[in-house]
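Here is the file protein.txt (compact mmCIF, C-alpha atoms).
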```
# COMPACT_ATOMS: atom_id res chain seq x y z
CA MET N 1 0.00 0.00 0.00
CA ILE N 2 2.75 2.42 0.99
CA GLU N 3 4.53 1.44 -2.17
CA MET N 4 1.44 2.29 -4.24
CA ARG N 5 1.01 5.65 -2.51
CA ASN N 6 4.65 6.50 -3.17
CA ILE N 7 4.25 5.71 -6.85
CA ARG N 8 1.11 7.84 -6.98
CA LYS N 9 2.81 10.73 -5.34
CA ARG N 10 5.83 10.55 -7.60
CA LEU N 11 3.54 10.39 -10.60
CA GLN N 12 1.71 13.52 -9.50
CA ASN N 13 4.96 15.41 -9.18
CA MET N 14 6.23 14.42 -12.63
CA GLN N 15 6.35 16.91 -15.46
CA THR N 16 3.47 16.62 -17.90
CA HIS N 17 5.45 15.08 -20.73
CA ASN N 18 7.07 12.58 -18.38
CA LYS N 19 3.62 11.42 -17.28
CA LEU N 20 2.67 10.94 -20.90
CA TRP N 21 5.89 8.96 -21.54
CA PHE N 22 4.96 6.80 -18.57
CA GLY N 23 1.58 6.13 -20.22
CA ILE N 24 3.28 5.16 -23.48
CA GLY N 25 5.52 2.75 -21.57
CA LEU N 26 2.52 1.18 -19.89
CA LEU N 27 0.75 0.72 -23.22
CA ALA N 28 3.90 -0.83 -24.70
CA LEU N 29 4.02 -3.39 -21.88
CA LEU N 30 0.35 -4.24 -22.44
CA SER N 31 0.73 -4.47 -26.23
CA PRO N 32 0.93 -8.29 -26.36
CA LEU N 33 -2.83 -8.18 -25.65
CA GLY N 34 -3.09 -6.98 -29.24
CA ILE N 35 -1.95 -10.41 -30.44
CA LEU N 36 -3.28 -12.59 -27.56
CA LEU N 37 -6.90 -11.47 -27.69
CA PRO N 38 -7.34 -12.09 -31.44
CA SER N 39 -5.74 -15.50 -30.96
CA LEU N 40 -8.07 -16.37 -28.04
CA PHE N 41 -11.15 -15.25 -29.98
CA ASN N 42 -10.10 -17.05 -33.14
CA SER N 43 -9.97 -13.88 -35.18
CA GLY N 44 -7.97 -13.67 -38.35
CA GLY N 45 -6.12 -10.58 -39.50
CA ALA N 46 -7.64 -7.25 -40.51
CA TRP N 47 -10.05 -7.23 -43.42
CA GLY N 48 -8.31 -6.37 -46.67
CA GLU N 49 -4.79 -7.06 -45.42
CA TRP N 50 -4.42 -10.71 -46.48
CA GLY N 51 -1.29 -12.14 -48.01
CA LEU N 52 -1.41 -13.19 -51.66
CA ALA N 53 -1.94 -16.90 -50.88
CA ASP N 54 -4.87 -16.23 -48.53
CA LEU N 55 -6.51 -13.90 -51.03
CA GLU N 56 -6.09 -16.50 -53.78
CA ARG N 57 -7.83 -19.04 -51.57
CA MET N 58 -10.71 -16.59 -50.96
CA VAL N 59 -11.42 -15.44 -54.51
CA GLY N 60 -10.04 -18.35 -56.52
CA PHE N 61 -7.32 -16.45 -58.38
CA ALA N 62 -4.31 -14.25 -57.74
CA PRO N 63 -4.76 -10.82 -59.31
CA GLU N 64 -1.99 -10.38 -61.90
CA GLY N 65 -0.77 -6.95 -60.73
CA MET N 66 -0.80 -8.01 -57.10
CA LYS N 67 1.39 -11.04 -57.93
CA HIS N 68 4.15 -8.71 -59.07
CA SER N 69 3.91 -6.17 -56.28
CA SER N 70 2.77 -7.86 -53.08
CA ASP N 71 6.31 -8.83 -51.99
CA LEU N 72 7.98 -5.63 -53.12
CA TRP N 73 9.41 -4.95 -49.69
CA ASN N 74 11.13 -7.31 -47.26
CA ALA N 75 10.52 -5.83 -43.84
CA PRO N 76 13.14 -6.86 -41.26
CA MET N 77 10.50 -7.77 -38.64
CA PRO N 78 7.42 -8.77 -40.64
CA ASP N 79 4.16 -8.83 -38.66
CA TYR N 80 5.94 -7.69 -35.49
CA ALA N 81 7.87 -10.94 -35.16
CA LEU N 82 11.58 -11.27 -34.36
CA PRO N 83 13.66 -13.04 -37.00
CA GLY N 84 13.71 -16.74 -36.11
CA GLN N 85 11.32 -16.51 -33.18
CA GLY N 86 9.46 -19.67 -32.11
CA THR N 87 5.77 -20.40 -32.53
CA GLY N 88 3.16 -20.47 -29.79
CA ARG N 89 1.50 -17.74 -27.80
CA LEU N 90 4.39 -17.06 -25.43
CA SER N 91 7.04 -16.61 -28.14
CA GLU N 92 4.67 -14.60 -30.29
CA SER N 93 3.73 -12.32 -27.41
CA LEU N 94 7.34 -11.80 -26.45
CA GLY N 95 8.29 -11.11 -30.07
CA TYR N 96 5.38 -8.67 -30.37
CA LEU N 97 6.44 -6.86 -27.20
CA LEU N 98 10.11 -6.59 -28.18
CA THR N 99 9.54 -5.60 -31.80
CA GLY N 100 6.94 -3.12 -30.58
CA ILE N 101 9.48 -1.52 -28.27
CA VAL N 102 11.97 -1.31 -31.16
CA GLY N 103 9.25 0.26 -33.34
CA ILE N 104 8.30 2.79 -30.69
CA ALA N 105 11.95 3.71 -30.12
CA VAL N 106 12.59 4.25 -33.84
CA THR N 107 9.32 6.19 -34.20
CA VAL N 108 10.19 8.42 -31.26
CA ALA N 109 13.69 9.06 -32.58
CA ALA N 110 12.39 9.93 -36.05
CA ALA N 111 9.54 12.15 -34.81
CA TYR N 112 11.83 13.84 -32.30
CA GLY N 113 14.44 14.53 -34.97
CA ILE N 114 11.87 15.94 -37.39
CA ALA N 115 10.21 18.08 -34.71
CA LYS N 116 13.55 19.36 -33.51
CA ALA N 117 14.60 20.29 -37.04
CA LEU N 118 11.27 22.06 -37.60
CA ALA N 119 11.42 23.96 -34.32
CA GLY N 120 14.98 24.72 -35.42
CA LYS N 121 17.11 27.76 -34.90
CA SER N 122 14.16 30.08 -34.68
CA ALA N 123 12.79 28.20 -31.66
CA LYS N 124 14.22 30.67 -29.17
CA GLU N 125 12.92 33.58 -31.13
CA LYS N 126 9.45 32.01 -31.29
CA ASP N 127 9.50 31.45 -27.54
CA VAL N 128 10.42 35.09 -27.00
CA ARG N 129 7.72 36.28 -29.38
CA ASN N 130 5.17 34.20 -27.50
CA GLY N 131 6.28 35.47 -24.14
CA HIS N 132 8.13 32.41 -22.89
CA GLY N 133 11.65 33.87 -23.17
CA MET P 1 -6.82 -0.32 -42.44
CA HIS P 2 -3.13 -0.41 -43.41
CA ILE P 3 -3.33 -1.07 -47.15
CA PRO P 4 -0.60 -3.57 -48.13
CA ASP P 5 1.51 -3.53 -51.31
CA GLY P 6 -0.30 -4.99 -54.31
CA TYR P 7 -3.79 -3.86 -53.33
CA LEU P 8 -3.76 -0.46 -55.04
CA GLY P 9 -2.84 0.12 -58.67
CA PRO P 10 -0.08 2.60 -59.53
CA ARG P 11 -2.52 5.32 -60.54
CA THR P 12 -4.25 5.20 -57.16
CA TYR P 13 -1.17 5.03 -54.97
CA GLY P 14 0.65 7.54 -57.21
CA THR P 15 -2.20 10.03 -56.88
CA LEU P 16 -2.26 9.64 -53.11
CA PHE P 17 1.51 10.18 -52.89
CA ALA P 18 1.04 13.26 -55.06
CA VAL P 19 -1.58 14.51 -52.59
CA MET P 20 0.46 13.73 -49.48
CA VAL P 21 3.74 15.35 -50.55
CA PRO P 22 2.28 18.89 -50.53
CA VAL P 23 0.40 18.11 -47.29
CA TRP P 24 3.67 17.09 -45.62
CA ALA P 25 5.34 20.19 -47.09
CA ALA P 26 2.57 22.47 -45.83
CA ALA P 27 2.71 20.84 -42.39
CA SER P 28 6.49 21.38 -42.27
CA TRP P 29 6.12 24.99 -43.36
CA LYS P 30 3.44 25.61 -40.78
CA LEU P 31 5.37 23.93 -37.95
CA ASN P 32 8.58 25.66 -38.92
CA ARG P 33 6.87 28.95 -38.17
CA THR P 34 4.94 27.97 -35.06
CA LEU P 35 6.59 25.01 -33.30
CA LYS P 36 8.33 25.94 -30.09
CA ALA P 37 11.25 24.03 -28.62
CA ARG P 38 9.26 23.00 -25.55
CA GLN P 39 6.59 21.42 -27.81
CA VAL P 40 9.07 19.07 -29.52
CA PRO P 41 8.57 16.16 -27.07
CA TYR P 42 4.81 16.24 -27.69
CA LEU P 43 5.25 15.44 -31.38
CA ALA P 44 7.33 12.42 -30.42
CA ILE P 45 4.80 11.38 -27.76
CA GLY P 46 2.00 11.73 -30.33
CA ALA P 47 3.85 9.50 -32.79
CA ALA P 48 4.61 6.93 -30.09
CA PHE P 49 0.99 6.91 -28.94
CA SER P 50 -0.33 6.41 -32.44
CA PHE P 51 2.19 3.62 -33.05
CA VAL P 52 1.43 1.74 -29.85
CA ILE P 53 -2.36 2.13 -29.94
CA MET P 54 -2.39 0.57 -33.42
CA MET P 55 -0.72 -2.52 -31.93
CA PHE P 56 -3.86 -3.27 -29.91
CA ASN P 57 -5.71 -5.42 -32.39
CA ILE P 58 -9.32 -5.75 -31.32
CA PRO P 59 -10.87 -9.08 -32.27
CA VAL P 60 -14.25 -9.59 -33.85
CA VAL P 61 -15.13 -13.07 -32.57
CA GLY P 62 -14.39 -15.62 -35.32
CA GLY P 63 -13.87 -12.77 -37.75
CA THR P 64 -11.38 -10.05 -38.43
CA THR P 65 -9.48 -7.58 -36.26
CA GLY P 66 -9.15 -3.82 -36.25
CA HIS P 67 -7.65 -1.13 -34.08
CA ALA P 68 -7.81 2.49 -33.01
CA ALA P 69 -5.38 4.97 -34.59
CA GLY P 70 -5.17 7.86 -32.13
CA ALA P 71 -5.13 10.55 -34.83
CA ALA P 72 -8.02 12.56 -33.37
CA LEU P 73 -6.60 12.54 -29.85
CA VAL P 74 -3.16 13.61 -31.06
CA ALA P 75 -4.72 16.34 -33.24
CA ILE P 76 -6.79 17.69 -30.34
CA LEU P 77 -3.67 17.95 -28.19
CA ILE P 78 -1.02 19.21 -30.65
CA GLY P 79 -3.02 20.49 -33.62
CA PRO P 80 -3.84 18.84 -36.96
CA TRP P 81 -0.61 19.74 -38.80
CA ALA P 82 1.65 18.38 -36.07
CA ALA P 83 -0.61 15.32 -35.72
CA THR P 84 -0.39 14.65 -39.47
CA ILE P 85 3.40 14.55 -39.15
CA SER P 86 3.36 12.44 -35.96
CA VAL P 87 0.93 9.82 -37.25
CA SER P 88 2.71 9.73 -40.65
CA VAL P 89 5.99 8.94 -38.91
CA ALA P 90 4.34 6.04 -37.06
CA LEU P 91 2.79 4.70 -40.29
CA ILE P 92 6.05 4.96 -42.26
CA ILE P 93 8.00 3.09 -39.55
CA GLN P 94 5.26 0.43 -39.46
CA ALA P 95 5.58 -0.05 -43.22
CA LEU P 96 9.39 -0.06 -43.35
CA LEU P 97 10.21 -2.21 -40.31
CA PHE P 98 7.16 -4.42 -39.95
CA GLY P 99 5.54 -4.64 -43.37
CA ASP P 100 2.38 -3.25 -41.73
CA GLY P 101 1.01 -1.32 -44.70
CA GLY P 102 2.80 -1.42 -48.04
CA ILE P 103 5.60 0.92 -49.06
CA THR P 104 3.74 1.77 -52.27
CA ALA P 105 0.70 2.52 -50.09
CA ILE P 106 2.51 4.90 -47.71
CA GLY P 107 0.89 7.88 -49.43
CA ALA P 108 -2.55 6.27 -49.25
CA ASN P 109 -2.26 5.16 -45.64
CA CYS P 110 -0.87 8.52 -44.51
CA PHE P 111 -3.66 10.30 -46.37
CA ASN P 112 -6.39 8.11 -44.87
CA ILE P 113 -5.16 7.66 -41.32
CA ALA P 114 -2.79 10.59 -40.63
CA ALA P 115 -4.10 13.55 -42.64
CA ALA P 116 -7.83 12.81 -42.95
CA GLY P 117 -7.89 11.29 -39.47
CA SER P 118 -6.16 14.28 -37.84
CA PHE P 119 -8.01 17.05 -39.66
CA SER P 120 -11.48 15.52 -39.36
CA GLY P 121 -10.94 14.82 -35.67
CA TYR P 122 -9.62 18.29 -35.01
CA LEU P 123 -12.47 20.02 -36.88
CA VAL P 124 -15.20 18.00 -35.19
CA TYR P 125 -13.63 18.66 -31.79
CA ARG P 126 -13.31 22.40 -32.45
CA ALA P 127 -16.87 22.66 -33.78
CA LEU P 128 -18.39 20.89 -30.77
CA ALA P 129 -16.09 22.10 -27.99
CA VAL P 130 -15.80 25.75 -29.01
CA GLY P 131 -16.21 28.02 -25.99
CA SER P 132 -16.47 25.13 -23.52
CA ALA P 133 -14.65 25.29 -20.21
CA VAL P 134 -11.76 23.01 -19.22
CA PRO P 135 -12.71 20.66 -17.69
CA SER P 136 -16.23 20.25 -19.02
CA ARG P 137 -18.51 17.46 -20.07
CA ARG P 138 -18.93 19.10 -23.47
CA GLY P 139 -15.17 18.97 -23.93
CA TRP P 140 -14.84 15.22 -23.54
CA ILE P 141 -18.04 14.45 -25.45
CA ALA P 142 -16.65 16.55 -28.32
CA ALA P 143 -13.41 14.57 -28.16
CA GLY P 144 -15.28 11.26 -28.26
CA ALA P 145 -17.34 12.36 -31.27
CA ALA P 146 -14.19 13.62 -32.98
CA ALA P 147 -12.46 10.27 -32.49
CA TYR P 148 -15.47 8.33 -33.76
CA VAL P 149 -15.79 10.44 -36.91
CA SER P 150 -12.03 10.41 -37.49
CA LEU P 151 -11.54 6.64 -37.46
CA ASN P 152 -14.66 6.02 -39.51
CA LEU P 153 -13.56 8.54 -42.13
CA SER P 154 -10.19 6.79 -42.36
CA ALA P 155 -11.98 3.45 -42.78
CA LEU P 156 -14.32 4.86 -45.42
CA LEU P 157 -11.48 6.33 -47.47
CA THR P 158 -9.62 3.02 -47.27
CA ALA P 159 -12.73 1.09 -48.33
CA VAL P 160 -13.37 3.43 -51.26
CA GLN P 161 -9.78 3.20 -52.51
CA LEU P 162 -9.85 -0.61 -52.30
CA GLY P 163 -13.31 -0.82 -53.85
CA LEU P 164 -12.37 1.35 -56.83
CA GLN P 165 -9.56 -0.99 -57.93
CA PRO P 166 -11.75 -3.49 -59.85
CA VAL P 167 -13.08 -0.49 -61.82
CA LEU P 168 -9.79 1.37 -62.32
CA GLU P 169 -7.38 -1.51 -62.83
CA VAL P 170 -8.52 -4.44 -65.01
CA SER P 171 -6.61 -6.69 -67.39
CA SER P 172 -7.50 -6.87 -71.09
CA GLU P 173 -9.64 -9.93 -70.25
CA GLY P 174 -11.54 -7.93 -67.65
CA HIS P 175 -9.96 -9.47 -64.52
CA PRO P 176 -9.09 -7.22 -61.59
CA LEU P 177 -5.33 -6.59 -61.41
CA TYR P 178 -5.17 -5.48 -57.77
CA ALA P 179 -7.71 -5.49 -54.89
CA PRO P 180 -10.54 -7.60 -56.33
CA PHE P 181 -13.58 -6.60 -54.24
CA PRO P 182 -16.05 -3.99 -55.52
CA LEU P 183 -17.28 -0.95 -53.56
CA LYS P 184 -20.50 -2.72 -52.66
CA VAL P 185 -18.40 -5.22 -50.68
CA THR P 186 -15.55 -3.08 -49.30
CA VAL P 187 -17.67 -0.20 -47.99
CA PRO P 188 -20.29 -2.22 -46.03
CA VAL P 189 -17.71 -4.64 -44.58
CA MET P 190 -15.23 -1.97 -43.52
CA MET P 191 -17.88 0.45 -42.26
CA LEU P 192 -19.88 -2.09 -40.30
CA GLU P 193 -16.89 -3.17 -38.18
CA HIS P 194 -15.64 0.39 -37.71
CA LEU P 195 -19.04 1.98 -36.98
CA LEU P 196 -20.04 -0.76 -34.54
CA LEU P 197 -16.78 -1.65 -32.83
CA PHE P 198 -13.44 -0.06 -33.68
CA GLY P 199 -14.82 3.49 -33.84
CA ILE P 200 -16.38 3.06 -30.42
CA VAL P 201 -13.09 1.80 -29.01
CA GLU P 202 -11.30 4.80 -30.56
CA ALA P 203 -13.87 7.15 -28.96
CA PHE P 204 -13.59 5.39 -25.60
CA ILE P 205 -9.78 5.62 -25.48
CA THR P 206 -9.87 9.26 -26.55
CA VAL P 207 -12.47 10.17 -23.91
CA MET P 208 -10.47 8.39 -21.19
CA VAL P 209 -7.29 10.29 -22.04
CA ILE P 210 -9.05 13.64 -22.50
CA ARG P 211 -10.83 13.27 -19.16
CA TYR P 212 -7.52 12.51 -17.47
CA ILE P 213 -5.95 15.54 -19.14
CA GLN P 214 -8.91 17.80 -18.30
CA LYS P 215 -8.48 16.89 -14.68
CA ASN P 216 -4.72 16.67 -14.28
CA GLU P 217 -3.08 18.57 -17.13
CA PRO P 218 -5.68 21.16 -18.22
CA GLU P 219 -3.06 23.49 -19.72
CA LEU P 220 -2.63 21.00 -22.60
CA LEU P 221 -6.17 21.81 -23.72
CA GLU P 222 -5.89 25.58 -23.65
```

As structure tokens - that is how I would like this structure written.
Amino acid sequence: MIEMRNIRKRLQNMQTHNKLWFGIGLLALLSPLGILLPSLFNSGGAWGEWGLADLERMVGFAPEGMKHSSDLWNAPMPDYALPGQGTGRLSESLGYLLTGIVGIAVTVAAAYGIAKALAGKSAKEKDVRNGHG
Amino acid sequence: MHIPDGYLGPRTYGTLFAVMVPVWAAASWKLNRTLKARQVPYLAIGAAFSFVIMMFNIPVVGGTTGHAAGAALVAILIGPWAATISVSVALIIQALLFGDGGITAIGANCFNIAAAGSFSGYLVYRALAVGSAVPSRRGWIAAGAAAYVSLNLSALLTAVQLGLQPVLEVSSEGHPLYAPFPLKVTVPVMMLEHLLLFGIVEAFITVMVIRYIQKNEPELLE
């Protein structure tokens, strides 16, 4: 209980963006639910995102243009799986969690870099103009 | 909702790239003039949120899955131009690293989910929340409505682009070259699951976060 209250108190004293980062971290840790729940409820993938073979099974033919373009890109971690990871719910969940963390880290780095470049040299000047000098 | 490679013909994905390039340029121009150094982390947080919330696949029992996208929430908090950039970054990383969405479809997916999702969400929120206090019930109801409209618009645009392929792209023998289902299939299927389930989840998540922010971090909404 004391532990919980301490965490609460520390959370309340955090800066706004640190609280939001904390929320992102929490979501990342829970992300394997995004692969476990569909598996438990026997759900397939999203509608309209089938691989070529599945689509061929559904409609009876492989569209000619799709044949030549569906495997245009070899993603390093296809479907949020680590290269060479095992099968089964535990491995898949772990792979999902780890690849998700990699994805979030790369996304954050890219967005941060772009935002920083856009805020750029004039950032100080903008802060001054808006009264936050 | 992430259109893979091979589903859209070159004319469709080319057009949508041609639309998105000026949108990204306009967003950069706009942010270059207005973005302050202390706002930089929020763009990164917005991108991270959009990325991670899309990992939560919601099952339809025995059927398909779908997910929220977070574009409306991010747009409410950091504005539609910044949100377009943030959500685009998440979508591009998903395509490049995970094959979630095709690389040829990056323009289409960014148009549907990032740009249309952010701007529709932002406009609905502004229209309904204008003049409301922080915190207020009207504020979070507006956010929920914005999120619902936003995700459903993204789904509709996706369904229309897929459903147009059998009309736009056919072989000389009349066979579809890319996505084979007509509009009368893609629109009802996509809209039913988004109107009845995924859109409601998107609204619920957005309302939860906005209510938390109204209470604990109200300055983010001013």

Polymer residues at most 9 Å from segment 85-93 of chain P, all atoms listed in the file, same-chain spacing of 2 or more positions, as a PyMOL selection string: (chain N and resi 103-104+106-108+110-111+114-115) or (chain P and resi 2+24+27-28+43-52+69-71+74+80-83+95-101+103+106+109-111+113-115+118)

Fewer than 2 positions away in the same chain doesn't count, so skip those; otherwise give me all residues within 9 Å of Val60 of chain P, counting only C-alpha atoms, as an mmCIF file with C-alpha atoms, in the frame of the given file.
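Result written to out.cif:
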```cif
data_model
loop_
_atom_site.group_PDB
_atom_site.id
_atom_site.type_symbol
_atom_site.label_atom_id
_atom_site.label_comp_id
_atom_site.auth_asym_id
_atom_site.auth_seq_id
_atom_site.Cartn_x
_atom_site.Cartn_y
_atom_site.Cartn_z
ATOM 1 C CA PRO N 38 -7.340 -12.090 -31.440
ATOM 2 C CA PHE N 41 -11.150 -15.250 -29.980
ATOM 3 C CA ASN N 42 -10.100 -17.050 -33.140
ATOM 4 C CA SER N 43 -9.970 -13.880 -35.180
ATOM 5 C CA GLY N 44 -7.970 -13.670 -38.350
ATOM 6 C CA ILE P 58 -9.320 -5.750 -31.320
ATOM 7 C CA GLY P 62 -14.390 -15.620 -35.320
ATOM 8 C CA GLY P 63 -13.870 -12.770 -37.750
ATOM 9 C CA THR P 64 -11.380 -10.050 -38.430
ATOM 10 C CA THR P 65 -9.480 -7.580 -36.260
ATOM 11 C CA GLY P 66 -9.150 -3.820 -36.250
ATOM 12 C CA GLU P 193 -16.890 -3.170 -38.180
ATOM 13 C CA LEU P 197 -16.780 -1.650 -32.830
#
```

Contacts of Ala108 of chain P within 7 Å, only C-alpha atoms, excl. fewer than 4 positions in-chain, as a list in words: Tyr13, Leu16, Phe17 and Asn112 of chain P

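The residue that comes closest to chain P, out of N:Arg5, N:Arg57, N:Lys116, N:Arg89 and on the basis of all atoms listed in the file, is N:Lys116.
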
Neighbours of chain P in chain N at 7 Å, counting all atoms listed in the file, as an MDAnalysis selection string: chainID N and resid 16 21 24 27:28 31 33:35 37:38 41:47 49 63:66 69:70 75:80 103:104 107:108 111:112 115:116 118:119 123 126:127

Padding 8 Å on each side, edges along x, y and z: where is the centre of the box around the listed atoms of segment 93-110 of chain P, and how long are its edges in Å to one decimal? Output it as JSON.
```
{"center_x": 3.8, "center_y": 1.9, "center_z": -45.9, "size_x": 28.8, "size_y": 29.2, "size_z": 28.8}
```

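Across the structure, atom CA of Ala143 of chain P and atom CA of Gly23 of chain N are spaced 18.9 Å apart.
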
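Coordinates place atom CA of Ala75 of chain P at a distance of 24.4 Å from atom CA of Val102 of chain N.
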
Close residues, Phe204 of chain P itself excluded, 9 Å, all atoms listed in the file, min 3 positions apart in chain, as a ChimeraX atom specification: /P:144,147-148,199-201,207-209

Output file for the residues above (C-alpha atoms, as a PDB file, keeping the file's coordinate frame):
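Contents of again23.pdb, freshly written:
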```pdb
ATOM      1  CA  GLY P 144     -15.280  11.260 -28.260  1.00  0.00           C
ATOM      2  CA  ALA P 147     -12.460  10.270 -32.490  1.00  0.00           C
ATOM      3  CA  TYR P 148     -15.470   8.330 -33.760  1.00  0.00           C
ATOM      4  CA  GLY P 199     -14.820   3.490 -33.840  1.00  0.00           C
ATOM      5  CA  ILE P 200     -16.380   3.060 -30.420  1.00  0.00           C
ATOM      6  CA  VAL P 201     -13.090   1.800 -29.010  1.00  0.00           C
ATOM      7  CA  VAL P 207     -12.470  10.170 -23.910  1.00  0.00           C
ATOM      8  CA  MET P 208     -10.470   8.390 -21.190  1.00  0.00           C
ATOM      9  CA  VAL P 209      -7.290  10.290 -22.040  1.00  0.00           C
TER      10      VAL P 209
END
```

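Of the residues under consideration (P:Gln214, P:Gln161, P:Thr84, P:Ser172), P:Gln214 shows the shortest atom-to-atom contact distance to Ser132 of chain P when counting only C-alpha atoms.
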
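Atom pair atom CA of Gly121 of chain P / atom CA of Ile210 of chain P: separated by 13.4 Å.
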